[in-house]
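Text of target.pdb, listed as PDB, C-alpha atoms:
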```
ATOM      1  CA  MET A   1       0.000   0.000   0.000  1.00  0.00           C
ATOM      2  CA  VAL A   2       1.393   3.394  -1.028  1.00  0.00           C
ATOM      3  CA  ILE A   3       0.408   6.550   0.811  1.00  0.00           C
ATOM      4  CA  ASN A   4       1.010   9.956  -0.764  1.00  0.00           C
ATOM      5  CA  THR A   5       1.105  13.073   1.403  1.00  0.00           C
ATOM      6  CA  ASN A   6       0.565  16.520  -0.115  1.00  0.00           C
ATOM      7  CA  MET A   7       0.794  19.841   1.676  1.00  0.00           C
ATOM      8  CA  LEU A   8      -2.292  21.916   0.856  1.00  0.00           C
ATOM      9  CA  LYS A   9      -1.620  24.958   2.966  1.00  0.00           C
ATOM     10  CA  SER A  10       1.103  25.883   5.379  1.00  0.00           C
ATOM     11  CA  SER A  11       1.184  29.080   7.354  1.00  0.00           C
ATOM     12  CA  PRO A  12       3.176  29.772  10.506  1.00  0.00           C
ATOM     13  CA  GLN A  13       0.222  28.792  12.721  1.00  0.00           C
ATOM     14  CA  GLU A  14      -1.566  26.191  10.576  1.00  0.00           C
ATOM     15  CA  ILE A  15      -0.677  23.011   8.684  1.00  0.00           C
ATOM     16  CA  VAL A  16      -3.168  21.509   6.220  1.00  0.00           C
ATOM     17  CA  PHE A  17      -2.224  18.361   4.328  1.00  0.00           C
ATOM     18  CA  GLN A  18      -3.938  15.636   2.354  1.00  0.00           C
ATOM     19  CA  THR A  19      -3.162  11.950   2.121  1.00  0.00           C
ATOM     20  CA  GLU A  20      -4.121   9.554  -0.630  1.00  0.00           C
ATOM     21  CA  SER A  21      -4.310   5.807  -0.157  1.00  0.00           C
ATOM     22  CA  ASP A  22      -6.122   3.355  -2.436  1.00  0.00           C
ATOM     23  CA  GLY A  23      -7.833   6.214  -4.264  1.00  0.00           C
ATOM     24  CA  LYS A  24      -9.247   7.700  -1.047  1.00  0.00           C
ATOM     25  CA  PHE A  25      -8.332  11.209   0.051  1.00  0.00           C
ATOM     26  CA  LEU A  26      -8.233  12.414   3.652  1.00  0.00           C
ATOM     27  CA  GLU A  27      -7.520  15.968   4.716  1.00  0.00           C
ATOM     28  CA  TYR A  28      -5.900  16.863   8.044  1.00  0.00           C
ATOM     29  CA  GLU A  29      -5.494  20.195   9.777  1.00  0.00           C
ATOM     30  CA  LEU A  30      -3.103  20.908  12.659  1.00  0.00           C
ATOM     31  CA  HIS A  31      -2.544  24.141  14.573  1.00  0.00           C
ATOM     32  CA  HIS A  32       0.639  25.227  16.338  1.00  0.00           C
ATOM     33  CA  SER A  33       0.500  26.431  19.902  1.00  0.00           C
ATOM     34  CA  ARG A  34       2.737  29.403  20.628  1.00  0.00           C
ATOM     35  CA  HIS A  35       5.181  27.031  22.320  1.00  0.00           C
ATOM     36  CA  SER A  36       5.302  24.502  19.456  1.00  0.00           C
ATOM     37  CA  LEU A  37       5.804  27.219  16.867  1.00  0.00           C
ATOM     38  CA  GLN A  38       8.766  28.605  18.798  1.00  0.00           C
ATOM     39  CA  ARG A  39      10.275  25.158  19.431  1.00  0.00           C
ATOM     40  CA  SER A  40       9.855  23.937  15.845  1.00  0.00           C
ATOM     41  CA  LYS A  41      11.727  27.001  14.598  1.00  0.00           C
ATOM     42  CA  GLN A  42      14.486  26.562  17.188  1.00  0.00           C
ATOM     43  CA  ARG A  43      14.868  22.872  16.359  1.00  0.00           C
ATOM     44  CA  GLY A  44      14.644  23.217  12.588  1.00  0.00           C
ATOM     45  CA  ILE A  45      11.520  21.073  12.226  1.00  0.00           C
ATOM     46  CA  SER A  46       9.408  22.250   9.279  1.00  0.00           C
ATOM     47  CA  ASN A  47       5.637  21.996   8.878  1.00  0.00           C
ATOM     48  CA  GLU A  48       6.226  19.388   6.164  1.00  0.00           C
ATOM     49  CA  GLN A  49       8.235  17.280   8.598  1.00  0.00           C
ATOM     50  CA  ILE A  50       5.460  17.537  11.189  1.00  0.00           C
ATOM     51  CA  ALA A  51       2.905  16.391   8.580  1.00  0.00           C
ATOM     52  CA  ILE A  52       5.106  13.415   7.578  1.00  0.00           C
ATOM     53  CA  VAL A  53       5.659  12.376  11.218  1.00  0.00           C
ATOM     54  CA  THR A  54       1.930  12.497  12.036  1.00  0.00           C
ATOM     55  CA  GLU A  55       1.096  10.558   8.869  1.00  0.00           C
ATOM     56  CA  TYR A  56       3.733   7.797   8.924  1.00  0.00           C
ATOM     57  CA  GLY A  57       4.859   7.721  12.555  1.00  0.00           C
ATOM     58  CA  SER A  58       3.796   5.331  15.283  1.00  0.00           C
ATOM     59  CA  CYS A  59       1.087   6.648  17.568  1.00  0.00           C
ATOM     60  CA  ILE A  60       1.341   6.277  21.350  1.00  0.00           C
ATOM     61  CA  TYR A  61      -1.222   7.599  23.826  1.00  0.00           C
ATOM     62  CA  GLY A  62      -0.201   8.744  27.285  1.00  0.00           C
ATOM     63  CA  GLN A  63      -0.690  11.567  29.756  1.00  0.00           C
ATOM     64  CA  GLY A  64      -3.813  12.655  27.872  1.00  0.00           C
ATOM     65  CA  LEU A  65      -1.651  13.422  24.825  1.00  0.00           C
ATOM     66  CA  THR A  66      -0.909  11.715  21.514  1.00  0.00           C
ATOM     67  CA  TYR A  67       2.761  11.096  20.688  1.00  0.00           C
ATOM     68  CA  TYR A  68       3.674  10.547  17.024  1.00  0.00           C
ATOM     69  CA  ILE A  69       7.123   9.022  16.646  1.00  0.00           C
ATOM     70  CA  LEU A  70       8.951   8.504  13.375  1.00  0.00           C
ATOM     71  CA  GLY A  71      11.891   6.229  14.164  1.00  0.00           C
ATOM     72  CA  LYS A  72      14.651   5.246  11.731  1.00  0.00           C
ATOM     73  CA  LYS A  73      12.815   2.110  10.645  1.00  0.00           C
ATOM     74  CA  ASP A  74       9.499   3.923  10.147  1.00  0.00           C
ATOM     75  CA  VAL A  75      10.687   6.308   7.423  1.00  0.00           C
ATOM     76  CA  PRO A  76       8.751   5.394   4.243  1.00  0.00           C
ATOM     77  CA  ALA A  77      10.654   4.064   1.230  1.00  0.00           C
ATOM     78  CA  ASN A  78       9.944   7.140  -0.898  1.00  0.00           C
ATOM     79  CA  LEU A  79      11.694   9.318   1.733  1.00  0.00           C
ATOM     80  CA  LYS A  80      14.747   7.113   2.412  1.00  0.00           C
ATOM     81  CA  LYS A  81      17.080   9.526   0.601  1.00  0.00           C
ATOM     82  CA  GLN A  82      16.032  12.269   3.027  1.00  0.00           C
ATOM     83  CA  ALA A  83      15.730   9.982   6.062  1.00  0.00           C
ATOM     84  CA  SER A  84      18.027  12.009   8.320  1.00  0.00           C
ATOM     85  CA  LYS A  85      15.625  14.945   7.990  1.00  0.00           C
ATOM     86  CA  PHE A  86      12.697  12.927   9.392  1.00  0.00           C
ATOM     87  CA  GLU A  87      14.006  10.113  11.587  1.00  0.00           C
ATOM     88  CA  ASN A  88      13.751  10.133  15.390  1.00  0.00           C
ATOM     89  CA  THR A  89      11.282  13.022  15.397  1.00  0.00           C
ATOM     90  CA  ILE A  90       8.494  13.241  17.977  1.00  0.00           C
ATOM     91  CA  VAL A  91       5.374  15.390  17.572  1.00  0.00           C
ATOM     92  CA  ILE A  92       3.037  15.733  20.556  1.00  0.00           C
ATOM     93  CA  ILE A  93      -0.620  16.542  19.885  1.00  0.00           C
ATOM     94  CA  GLY A  94      -3.001  17.777  22.601  1.00  0.00           C
ATOM     95  CA  ALA A  95      -6.199  16.108  23.755  1.00  0.00           C
ATOM     96  CA  ASN A  96      -8.330  18.017  21.224  1.00  0.00           C
ATOM     97  CA  GLY A  97      -6.551  16.221  18.364  1.00  0.00           C
ATOM     98  CA  ASP A  98      -5.451  19.176  16.249  1.00  0.00           C
ATOM     99  CA  GLN A  99      -3.272  21.322  18.551  1.00  0.00           C
ATOM    100  CA  ILE A 100       0.482  20.679  18.358  1.00  0.00           C
ATOM    101  CA  VAL A 101       1.922  20.885  21.872  1.00  0.00           C
ATOM    102  CA  THR A 102       5.591  20.543  20.900  1.00  0.00           C
ATOM    103  CA  CYS A 103       7.991  18.698  18.607  1.00  0.00           C
ATOM    104  CA  TYR A 104      11.579  17.542  19.024  1.00  0.00           C
ATOM    105  CA  ARG A 105      14.134  14.897  18.102  1.00  0.00           C
ATOM    106  CA  ASN A 106      15.565  12.191  20.325  1.00  0.00           C
ATOM    107  CA  ARG A 107      18.168   9.521  19.519  1.00  0.00           C
ATOM    108  CA  ASN A 108      16.053   6.817  21.111  1.00  0.00           C
ATOM    109  CA  PRO A 109      12.479   8.123  20.901  1.00  0.00           C
ATOM    110  CA  TYR A 110      10.623   4.931  21.862  1.00  0.00           C
ATOM    111  CA  GLN A 111      12.703   4.456  25.003  1.00  0.00           C
ATOM    112  CA  TRP A 112      12.198   8.139  25.890  1.00  0.00           C
ATOM    113  CA  ILE A 113       8.395   7.922  25.670  1.00  0.00           C
ATOM    114  CA  LYS A 114       8.296   4.551  27.424  1.00  0.00           C
ATOM    115  CA  HIS A 115       9.919   6.034  30.552  1.00  0.00           C
ATOM    116  CA  LYS A 116       7.505   8.934  30.868  1.00  0.00           C
ATOM    117  CA  PRO A 117       5.009   8.649  33.721  1.00  0.00           C
ATOM    118  CA  LYS A 118       1.526   7.477  32.725  1.00  0.00           C
ATOM    119  CA  GLU A 119      -0.114  10.681  33.930  1.00  0.00           C
ATOM    120  CA  LEU A 120       1.005  14.285  34.113  1.00  0.00           C
ATOM    121  CA  SER A 121       1.698  15.409  37.658  1.00  0.00           C
ATOM    122  CA  ARG A 122      -0.574  18.166  38.874  1.00  0.00           C
ATOM    123  CA  ARG A 123       0.651  20.795  41.262  1.00  0.00           C
ATOM    124  CA  GLN A 124      -1.709  21.263  44.129  1.00  0.00           C
ATOM    125  CA  ALA A 125      -2.718  24.768  45.047  1.00  0.00           C
ATOM    126  CA  ALA A 126      -1.779  25.739  48.576  1.00  0.00           C
TER
END
```
Take the structure I supplied and represent it as structure tokens, if you would.
Amino acid sequence: MVINTNMLKSSPQEIVFQTESDGKFLEYELHHSRHSLQRSKQRGISNEQIAIVTEYGSCIYGQGLTYYILGKKDVPANLKKQASKFENTIVIIGANGDQIVTCYRNRNPYQWIKHKPKELSRRQAA
């Protein structure tokens, strides 16, 4: 099965992309939080890279968030020549499903996520 991903619109705050698989088209829309926009710029992660990670990466749920991880072995065949640009990237999406919380790279992303606590700690008001 071949999946094609096409960017439809990309602005600093919004990412809209379309995927095609078996003749079916799906459109996705993601929005940067202020934090994720700042971090993606600092870390050199483009909107296209975020779209590729959320499309082809493994999905892990935890702490009320969705973690998309694109490890070395997950990079699709049509992107192997550019693999270093995409591999070991993590994109965290909020509970609403379209808000990007942050994005970053980690040498061992699956191990990193595995060791996170199951729930976010909440500070108690005094």
Practice task
Find the residue from A:Ile90, A:Leu30, A:Cys103, A:Ala77 that sits nearest to Gly57 of chain A; use only C-alpha atoms when measuring.
Solution key: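 Nearest candidate to Gly57 of chain A out of A:Ile90, A:Leu30, A:Cys103, A:Ala77: A:Ile90.
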Handout entry: All residues 6 Å or closer to His32 of chain A, all atoms listed in the file, same chain fewer than 5 positions away omitted, as a PyMOL selection string
Key = chain A and resi 13+37+99-100
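In terms of minimum interatomic distance to Gly94 of chain A, A:Ser36 ranks closest within A:Ser36, A:Gln42, A:Gln82, A:Gln111, counting all atoms listed in the file.
Pairwise distance (atom CA of Gln38 of chain A, atom CA of Lys73 of chain A) equals 28.0 Å.
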Practice task
Considering all atoms listed in the file, return as a PyMOL selection string whatever protein or nucleic-acid residues lie within 10 Å of Val101 of chain A, sequence-local ones (same chain, fewer than 3 positions apart) excluded.
Solution key: chain A and resi 31-37+39+65-67+91-95+98
Keeping C-alpha atoms for every residue in the selection just given, could you write it to a file as a CSV table (one decimal), in the coordinates of the input?
```csv
chain,number,residue,atom,x,y,z
A,31,HIS,CA,-2.5,24.1,14.6
A,32,HIS,CA,0.6,25.2,16.3
A,33,SER,CA,0.5,26.4,19.9
A,34,ARG,CA,2.7,29.4,20.6
A,35,HIS,CA,5.2,27.0,22.3
A,36,SER,CA,5.3,24.5,19.5
A,37,LEU,CA,5.8,27.2,16.9
A,39,ARG,CA,10.3,25.2,19.4
A,65,LEU,CA,-1.7,13.4,24.8
A,66,THR,CA,-0.9,11.7,21.5
A,67,TYR,CA,2.8,11.1,20.7
A,91,VAL,CA,5.4,15.4,17.6
A,92,ILE,CA,3.0,15.7,20.6
A,93,ILE,CA,-0.6,16.5,19.9
A,94,GLY,CA,-3.0,17.8,22.6
A,95,ALA,CA,-6.2,16.1,23.8
A,98,ASP,CA,-5.5,19.2,16.2
```
Practice task
Quick one: everything within 6 Å of Gly71 of chain A, counting all atoms listed in the file, minus sequence neighbours fewer than 2 positions away in the same chain. Send it as JSON, numbers by chain.
Solution key: {"A": [73, 74, 87, 88]}
May I have the protein, DNA and RNA residues with an atom at most 10 Å from (1.0, 11.8, -0.4), counting all atoms listed in the file in the file's coordinates, returned as a PDB file with C-alpha atoms, in the frame of the given file?
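Result went into point-v7.pdb, see below:
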```
ATOM      1  CA  VAL A   2       1.393   3.394  -1.028  1.00  0.00           C
ATOM      2  CA  ILE A   3       0.408   6.550   0.811  1.00  0.00           C
ATOM      3  CA  ASN A   4       1.010   9.956  -0.764  1.00  0.00           C
ATOM      4  CA  THR A   5       1.105  13.073   1.403  1.00  0.00           C
ATOM      5  CA  ASN A   6       0.565  16.520  -0.115  1.00  0.00           C
ATOM      6  CA  MET A   7       0.794  19.841   1.676  1.00  0.00           C
ATOM      7  CA  PHE A  17      -2.224  18.361   4.328  1.00  0.00           C
ATOM      8  CA  GLN A  18      -3.938  15.636   2.354  1.00  0.00           C
ATOM      9  CA  THR A  19      -3.162  11.950   2.121  1.00  0.00           C
ATOM     10  CA  GLU A  20      -4.121   9.554  -0.630  1.00  0.00           C
ATOM     11  CA  SER A  21      -4.310   5.807  -0.157  1.00  0.00           C
ATOM     12  CA  PHE A  25      -8.332  11.209   0.051  1.00  0.00           C
ATOM     13  CA  ILE A  52       5.106  13.415   7.578  1.00  0.00           C
ATOM     14  CA  GLU A  55       1.096  10.558   8.869  1.00  0.00           C
TER      15      GLU A  55
END
```
Exercise for the section: Have a look at atom CA of Glu27 of chain A and atom CA of Ile15 of chain A and let me know their distance in Å, one decimal. Expected result: 10.6 Å
Problem - Residue nearest Tyr56 of chain A - candidates A:Asn106, A:Asn96, A:Thr89, A:Ser11, atoms counted: only C-alpha atoms - result: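 Of the candidates, the smallest distance to Tyr56 of chain A is held by A:Thr89.
Pairwise distance (atom CA of Lys72 of chain A, atom CA of Ser84 of chain A) equals 8.3 Å.
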Completion exercise
With distances taken over all atoms listed in the file, the candidate from A:Leu8, A:Ile50, A:Ala83, A:Ile45 nearest Tyr68 of chain A is A:Ile50
Reconstructed segment 35-55 of chain A, atom set N, CA and C atoms, as a PDB file, in the frame of the given file:
```pdb
ATOM      1  N   HIS A  35       3.992  27.775  21.910  1.00  0.00           N
ATOM      2  CA  HIS A  35       5.181  27.031  22.320  1.00  0.00           C
ATOM      3  C   HIS A  35       5.719  26.163  21.176  1.00  0.00           C
ATOM      4  N   SER A  36       4.835  25.409  20.524  1.00  0.00           N
ATOM      5  CA  SER A  36       5.302  24.502  19.456  1.00  0.00           C
ATOM      6  C   SER A  36       5.865  25.269  18.270  1.00  0.00           C
ATOM      7  N   LEU A  37       5.294  26.408  17.963  1.00  0.00           N
ATOM      8  CA  LEU A  37       5.804  27.219  16.867  1.00  0.00           C
ATOM      9  C   LEU A  37       7.225  27.690  17.167  1.00  0.00           C
ATOM     10  N   GLN A  38       7.438  28.153  18.381  1.00  0.00           N
ATOM     11  CA  GLN A  38       8.766  28.605  18.798  1.00  0.00           C
ATOM     12  C   GLN A  38       9.758  27.438  18.784  1.00  0.00           C
ATOM     13  N   ARG A  39       9.370  26.308  19.354  1.00  0.00           N
ATOM     14  CA  ARG A  39      10.275  25.158  19.431  1.00  0.00           C
ATOM     15  C   ARG A  39      10.578  24.566  18.057  1.00  0.00           C
ATOM     16  N   SER A  40       9.597  24.495  17.176  1.00  0.00           N
ATOM     17  CA  SER A  40       9.855  23.937  15.845  1.00  0.00           C
ATOM     18  C   SER A  40      10.856  24.797  15.085  1.00  0.00           C
ATOM     19  N   LYS A  41      10.763  26.107  15.242  1.00  0.00           N
ATOM     20  CA  LYS A  41      11.727  27.001  14.598  1.00  0.00           C
ATOM     21  C   LYS A  41      13.114  26.812  15.198  1.00  0.00           C
ATOM     22  N   GLN A  42      13.195  26.734  16.525  1.00  0.00           N
ATOM     23  CA  GLN A  42      14.486  26.562  17.188  1.00  0.00           C
ATOM     24  C   GLN A  42      15.148  25.248  16.802  1.00  0.00           C
ATOM     25  N   ARG A  43      14.339  24.211  16.618  1.00  0.00           N
ATOM     26  CA  ARG A  43      14.868  22.872  16.359  1.00  0.00           C
ATOM     27  C   ARG A  43      14.944  22.530  14.883  1.00  0.00           C
ATOM     28  N   GLY A  44      14.544  23.440  14.028  1.00  0.00           N
ATOM     29  CA  GLY A  44      14.644  23.217  12.588  1.00  0.00           C
ATOM     30  C   GLY A  44      13.699  22.150  12.065  1.00  0.00           C
ATOM     31  N   ILE A  45      12.520  22.051  12.660  1.00  0.00           N
ATOM     32  CA  ILE A  45      11.520  21.073  12.226  1.00  0.00           C
ATOM     33  C   ILE A  45      10.443  21.831  11.453  1.00  0.00           C
ATOM     34  N   SER A  46      10.340  21.530  10.151  1.00  0.00           N
ATOM     35  CA  SER A  46       9.408  22.250   9.279  1.00  0.00           C
ATOM     36  C   SER A  46       7.982  21.702   9.413  1.00  0.00           C
ATOM     37  N   ASN A  47       7.027  22.452   8.889  1.00  0.00           N
ATOM     38  CA  ASN A  47       5.637  21.996   8.878  1.00  0.00           C
ATOM     39  C   ASN A  47       5.489  20.720   8.050  1.00  0.00           C
ATOM     40  N   GLU A  48       6.256  20.606   6.981  1.00  0.00           N
ATOM     41  CA  GLU A  48       6.226  19.388   6.164  1.00  0.00           C
ATOM     42  C   GLU A  48       6.692  18.183   6.982  1.00  0.00           C
ATOM     43  N   GLN A  49       7.744  18.365   7.760  1.00  0.00           N
ATOM     44  CA  GLN A  49       8.235  17.280   8.598  1.00  0.00           C
ATOM     45  C   GLN A  49       7.194  16.875   9.637  1.00  0.00           C
ATOM     46  N   ILE A  50       6.512  17.835  10.214  1.00  0.00           N
ATOM     47  CA  ILE A  50       5.460  17.537  11.189  1.00  0.00           C
ATOM     48  C   ILE A  50       4.350  16.734  10.527  1.00  0.00           C
ATOM     49  N   ALA A  51       3.946  17.119   9.313  1.00  0.00           N
ATOM     50  CA  ALA A  51       2.905  16.391   8.580  1.00  0.00           C
ATOM     51  C   ALA A  51       3.342  14.952   8.299  1.00  0.00           C
ATOM     52  N   ILE A  52       4.597  14.760   7.874  1.00  0.00           N
ATOM     53  CA  ILE A  52       5.106  13.415   7.578  1.00  0.00           C
ATOM     54  C   ILE A  52       5.137  12.562   8.840  1.00  0.00           C
ATOM     55  N   VAL A  53       5.585  13.135   9.955  1.00  0.00           N
ATOM     56  CA  VAL A  53       5.659  12.376  11.218  1.00  0.00           C
ATOM     57  C   VAL A  53       4.260  11.957  11.668  1.00  0.00           C
ATOM     58  N   THR A  54       3.277  12.859  11.592  1.00  0.00           N
ATOM     59  CA  THR A  54       1.930  12.497  12.036  1.00  0.00           C
ATOM     60  C   THR A  54       1.258  11.513  11.084  1.00  0.00           C
ATOM     61  N   GLU A  55       1.685  11.488   9.839  1.00  0.00           N
ATOM     62  CA  GLU A  55       1.096  10.558   8.869  1.00  0.00           C
ATOM     63  C   GLU A  55       1.719   9.165   8.943  1.00  0.00           C
TER      64      GLU A  55
END
```
